[in-house]
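Everything below belongs to protein-v2.txt, which stores compact mmCIF, C-alpha atoms.
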```
# COMPACT_ATOMS: atom_id res chain seq x y z
CA MET A 642 -9.91 69.01 -39.20
CA ARG A 643 -7.16 71.09 -37.56
CA LYS A 644 -4.04 72.67 -38.91
CA LEU A 645 -0.69 71.83 -37.33
CA GLY A 646 0.46 74.81 -35.28
CA VAL A 647 3.94 76.15 -34.71
CA VAL A 648 6.06 73.52 -33.01
CA GLN A 649 9.32 74.30 -31.21
CA SER A 650 11.03 70.89 -31.49
CA HIS A 651 13.53 70.60 -34.33
CA THR A 652 12.04 67.43 -35.79
CA ALA A 653 8.50 68.63 -35.35
CA ILE A 654 9.36 71.95 -37.02
CA SER A 655 10.62 70.15 -40.12
CA MET A 656 7.50 67.98 -40.09
CA ALA A 657 5.33 71.08 -39.73
CA GLU A 658 7.10 72.74 -42.65
CA GLU A 659 6.47 69.69 -44.84
CA ILE A 660 2.73 69.58 -44.10
CA SER A 661 2.13 73.29 -43.50
CA GLY A 662 -1.11 74.31 -45.06
CA GLU A 663 -2.32 70.71 -45.20
CA ASP A 664 -5.09 69.50 -42.97
CA TYR A 665 -4.86 66.40 -40.87
CA PRO A 666 -7.55 64.41 -39.10
CA THR A 667 -8.51 65.71 -35.68
CA GLU A 668 -8.29 62.14 -34.32
CA ILE A 669 -4.49 62.30 -34.46
CA HIS A 670 -4.18 65.72 -32.84
CA ASP A 671 -3.77 64.20 -29.36
CA TYR A 672 -1.11 61.82 -30.68
CA LEU A 673 0.76 64.69 -32.33
CA SER A 674 0.56 66.75 -29.14
CA THR A 675 1.90 63.86 -27.08
CA PHE A 676 4.64 63.32 -29.64
CA ASP A 677 5.55 66.99 -29.55
CA ASN A 678 5.71 66.97 -25.74
CA SER A 679 7.89 63.87 -25.81
CA LEU A 680 10.25 65.51 -28.29
CA ARG A 681 10.52 68.57 -26.08
CA SER A 682 11.29 66.36 -23.09
CA VAL A 683 14.00 64.50 -25.01
CA ASP A 684 15.40 67.81 -26.22
CA GLU A 685 15.64 69.10 -22.64
CA MET A 686 17.34 65.89 -21.45
CA LEU A 687 19.82 66.03 -24.30
CA LYS A 688 20.64 69.65 -23.53
CA THR A 689 21.26 68.69 -19.92
CA MET A 690 23.50 65.79 -20.90
CA MET A 691 25.38 67.87 -23.45
CA SER A 692 26.05 70.64 -20.93
CA VAL A 693 28.61 68.43 -19.14
CA SER A 694 31.61 67.04 -21.01
CA ARG A 695 31.58 63.28 -21.41
CA ASN A 696 35.04 62.86 -19.86
CA GLU A 697 34.03 64.92 -16.83
CA LEU A 698 30.90 62.84 -16.40
CA LEU A 699 32.71 59.51 -16.80
CA GLN A 700 35.31 60.47 -14.17
CA LYS A 701 32.55 60.79 -11.58
CA LEU A 702 31.09 57.33 -12.31
CA ASP A 703 32.26 53.85 -11.40
CA PRO A 704 32.74 51.36 -14.29
CA LEU A 705 29.28 49.84 -13.89
CA GLU A 706 27.64 53.27 -14.01
CA GLN A 707 29.78 54.14 -17.05
CA ALA A 708 28.51 51.01 -18.81
CA LYS A 709 24.92 51.98 -17.96
CA LEU A 710 25.46 55.47 -19.38
CA ASP A 711 26.98 54.10 -22.58
CA LEU A 712 24.15 51.61 -23.03
CA VAL A 713 21.44 54.18 -22.41
CA SER A 714 23.12 56.57 -24.86
CA ALA A 715 23.39 53.89 -27.56
CA TYR A 716 19.82 52.73 -26.95
CA THR A 717 18.48 56.28 -27.13
CA LEU A 718 20.35 57.06 -30.32
CA ASN A 719 19.18 53.87 -32.02
CA SER A 720 15.61 54.41 -30.83
CA MET A 721 15.63 57.91 -32.28
CA PHE A 722 16.91 56.49 -35.56
CA TRP A 723 14.08 53.92 -35.40
CA VAL A 724 11.56 56.76 -35.12
CA TYR A 725 13.28 58.63 -37.97
CA LEU A 726 13.03 55.56 -40.21
CA ALA A 727 9.35 55.19 -39.35
CA THR A 728 8.71 58.86 -40.25
CA GLN A 729 10.43 58.29 -43.60
CA GLY A 730 8.18 55.37 -44.46
CA VAL A 731 10.86 52.72 -43.89
CA ASN A 732 9.86 49.68 -41.84
CA PRO A 733 12.43 49.72 -38.99
CA LYS A 734 11.70 46.06 -38.20
CA GLU A 735 13.34 45.15 -41.50
CA HIS A 736 16.32 47.48 -40.99
CA PRO A 737 19.64 46.54 -39.28
CA VAL A 738 18.78 49.00 -36.50
CA LYS A 739 16.45 46.32 -35.10
CA GLN A 740 19.36 43.92 -34.56
CA GLU A 741 21.39 46.71 -32.97
CA ILE A 742 18.60 47.56 -30.52
CA ASP A 743 18.23 43.87 -29.67
CA ARG A 744 22.00 43.60 -29.08
CA ILE A 745 21.94 46.63 -26.78
CA ARG A 746 19.00 45.15 -24.85
CA ILE A 747 21.01 41.97 -24.25
CA TYR A 748 23.85 44.00 -22.76
CA MET A 749 21.40 46.06 -20.70
CA ASN A 750 20.02 42.81 -19.25
CA ARG A 751 23.57 41.66 -18.42
CA VAL A 752 24.29 44.91 -16.60
CA LYS A 753 20.98 44.57 -14.75
CA GLU A 754 21.93 41.05 -13.64
CA ILE A 755 25.28 42.32 -12.34
CA THR A 756 23.55 45.16 -10.51
CA ASP A 757 20.99 42.78 -9.01
CA LYS A 758 23.76 40.45 -7.80
CA LYS A 759 25.51 43.38 -6.15
CA MET A 760 22.31 44.42 -4.41
CA ALA A 761 21.40 40.89 -3.28
CA ALA A 762 21.62 40.26 0.43
CA LYS A 763 24.71 38.41 1.56
CA LEU A 764 24.25 35.48 3.92
CA ASP A 765 26.22 35.68 7.14
CA LYS A 766 26.66 31.98 7.83
CA GLY A 767 27.83 32.49 11.41
CA ALA A 768 24.86 34.67 12.31
CA ALA A 769 22.47 32.28 10.57
CA SER A 770 23.81 29.27 12.45
CA ARG A 771 23.61 31.13 15.79
CA PHE A 772 20.06 32.18 14.99
CA VAL A 773 19.01 28.61 14.14
CA ARG A 774 20.85 27.15 17.15
CA ASN A 775 19.19 29.60 19.56
CA ALA A 776 15.79 29.20 17.97
CA LEU A 777 15.70 25.42 18.34
CA TRP A 778 13.28 24.17 20.91
CA GLU A 779 14.70 22.16 23.76
CA ALA A 780 12.53 19.82 25.78
CA LYS A 781 12.47 20.50 29.52
CA THR A 782 14.16 17.81 31.52
CA GLU A 783 14.39 17.06 35.23
CA LYS A 784 16.31 19.62 37.30
CA GLY A 785 19.13 17.28 38.07
CA SER A 786 19.69 16.03 34.55
CA LYS A 787 19.26 19.51 32.99
CA SER A 788 22.52 20.79 34.34
CA SER A 789 24.37 17.65 33.27
CA ASN A 790 23.02 17.93 29.67
CA LYS A 791 23.62 21.67 29.41
CA GLY A 792 27.07 21.48 27.88
CA LYS A 793 26.28 18.46 25.69
CA ARG A 794 24.93 19.05 22.20
CA LYS A 795 24.16 16.42 19.64
CA LYS A 796 25.96 16.83 16.35
```

Rewrite the structure of this file - the entire thing - as structure tokens.
Amino acid sequence: MRKLGVVQSHTAISMAEEISGEDYPTEIHDYLSTFDNSLRSVDEMLKTMMSVSRNELLQKLDPLEQAKLDLVSAYTLNSMFWVYLATQGVNPKEHPVKQEIDRIRIYMNRVKEITDKKMAAKLDKGAASRFVRNALWEAKTEKGSKSSNKGKRKK
């Protein structure tokens, strides 16, 4: 058994205060360490995002990028609430947050489809027809009849 050490993340600190002095199984120590590292990472990302005003950030983005930012923000917030519910002993699958996360995922998929359509290669019909026309094999004919058939193409 190990004792939970001092943790710098806000959520982990409150968890540590609640179980300070209590032992926990060593099998979950790796999970708690990974969780703590993840919380620190999220904390750093949030600090970075919060260092720039939202209006300033949105002015630099096109509408599609703005939608992506809004969706990621909503998804992150709801996911954090999901984790909070789980830590409080509430089954998040039976909470309305599940429907909200599903709704956000639907919109994220729509934005992804729009992005994929934008990135899809456009067909240049003129170039494609020239490529096909020039790539077609022509049978060799007699020298005299070759020049007479040169300008004639079957349609």

For this session: May I ask which of the residues A:Asn719, A:Ser682, A:Thr667, A:Asn750 is the closest one to Pro737 (chain A), counting only C-alpha atoms?
Result: A:Asn719

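The coordinates place CA of Asp711 (chain A) at 22.5 Å from CA of Leu726 (chain A).
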
Problem set entry | Two-atom distance - CA of Glu741 (chain A), CA of Gln707 (chain A) (Å) |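 Distance reported for this atom pair: 19.5 Å.
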
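Across A:Leu702, A:Ala776, A:Ala708, A:Val731, the tightest approach to Met749 (chain A) is made by A:Ala708 when counting all atoms listed in the file.
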
For this session: Enter the distance from CA of Tyr725 (chain A) to CA of Phe676 (chain A), in Å, rounded to one decimal.
Result: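 Taking CA of Tyr725 (chain A) as the start and CA of Phe676 (chain A) as the end point, the length is 12.9 Å.
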
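Shortest separation to Pro704 (chain A) among A:Trp723, A:Val752, A:Met691, A:Asp684 occurs at residue A:Val752, atoms counted being only C-alpha atoms.
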
For this session: Have a look at A:Tyr665, A:Trp778, A:Phe722, A:Tyr716 and name the one nearest to His736 (chain A); count all atoms listed in the file.
Result: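 Counting all atoms listed in the file, the residue closest to His736 (chain A) is A:Phe722.
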
Exercise. Can you list, as a PyMOL selection string, every protein, DNA or RNA residue that comes within 12 Å of Leu705 (chain A) when you count only C-alpha atoms, leaving out same-chain residues fewer than 6 positions away?
Worked result: chain A and resi 699+711-712+748-749+751-757+759

Could you give me the centre and size, in Å to one decimal, of an axis-aligned box around all listed atoms of region 727-739 of chain A with 8 Å added on every side, as lines of an AutoDock Vina configuration file?
```
center_x = 13.9
center_y = 52.0
center_z = -39.8
size_x = 27.5
size_y = 29.7
size_z = 25.4
```

Please, could N, CA and C atoms be added to region 718-730 of chain A and the result written as a short mmCIF file (atom, residue, chain, number, x, y, z; two decimals), keeping the file's coordinate frame?
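part.cif, written as the output of this step:
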```
data_model
loop_
_atom_site.label_atom_id
_atom_site.label_comp_id
_atom_site.auth_asym_id
_atom_site.auth_seq_id
_atom_site.Cartn_x
_atom_site.Cartn_y
_atom_site.Cartn_z
N LEU A 718 20.00 56.68 -28.96
CA LEU A 718 20.35 57.06 -30.32
C LEU A 718 19.71 56.13 -31.35
N ASN A 719 19.78 54.84 -31.09
CA ASN A 719 19.18 53.87 -32.02
C ASN A 719 17.66 53.97 -32.03
N SER A 720 17.06 54.24 -30.88
CA SER A 720 15.61 54.41 -30.83
C SER A 720 15.17 55.64 -31.61
N MET A 721 15.95 56.70 -31.51
CA MET A 721 15.63 57.91 -32.28
C MET A 721 15.76 57.64 -33.78
N PHE A 722 16.76 56.85 -34.15
CA PHE A 722 16.91 56.49 -35.56
C PHE A 722 15.74 55.63 -36.01
N TRP A 723 15.26 54.76 -35.12
CA TRP A 723 14.08 53.92 -35.40
C TRP A 723 12.88 54.82 -35.74
N VAL A 724 12.68 55.84 -34.91
CA VAL A 724 11.56 56.76 -35.12
C VAL A 724 11.76 57.51 -36.44
N TYR A 725 12.99 57.94 -36.71
CA TYR A 725 13.28 58.63 -37.97
C TYR A 725 12.92 57.75 -39.16
N LEU A 726 13.35 56.48 -39.11
CA LEU A 726 13.03 55.56 -40.21
C LEU A 726 11.52 55.43 -40.40
N ALA A 727 10.80 55.33 -39.28
CA ALA A 727 9.35 55.19 -39.35
C ALA A 727 8.72 56.43 -39.98
N THR A 728 9.27 57.62 -39.68
CA THR A 728 8.71 58.86 -40.25
C THR A 728 9.04 58.97 -41.74
N GLN A 729 10.06 58.25 -42.19
CA GLN A 729 10.43 58.29 -43.60
C GLN A 729 9.76 57.19 -44.42
N GLY A 730 8.90 56.42 -43.75
CA GLY A 730 8.18 55.37 -44.46
C GLY A 730 8.94 54.06 -44.57
#
```
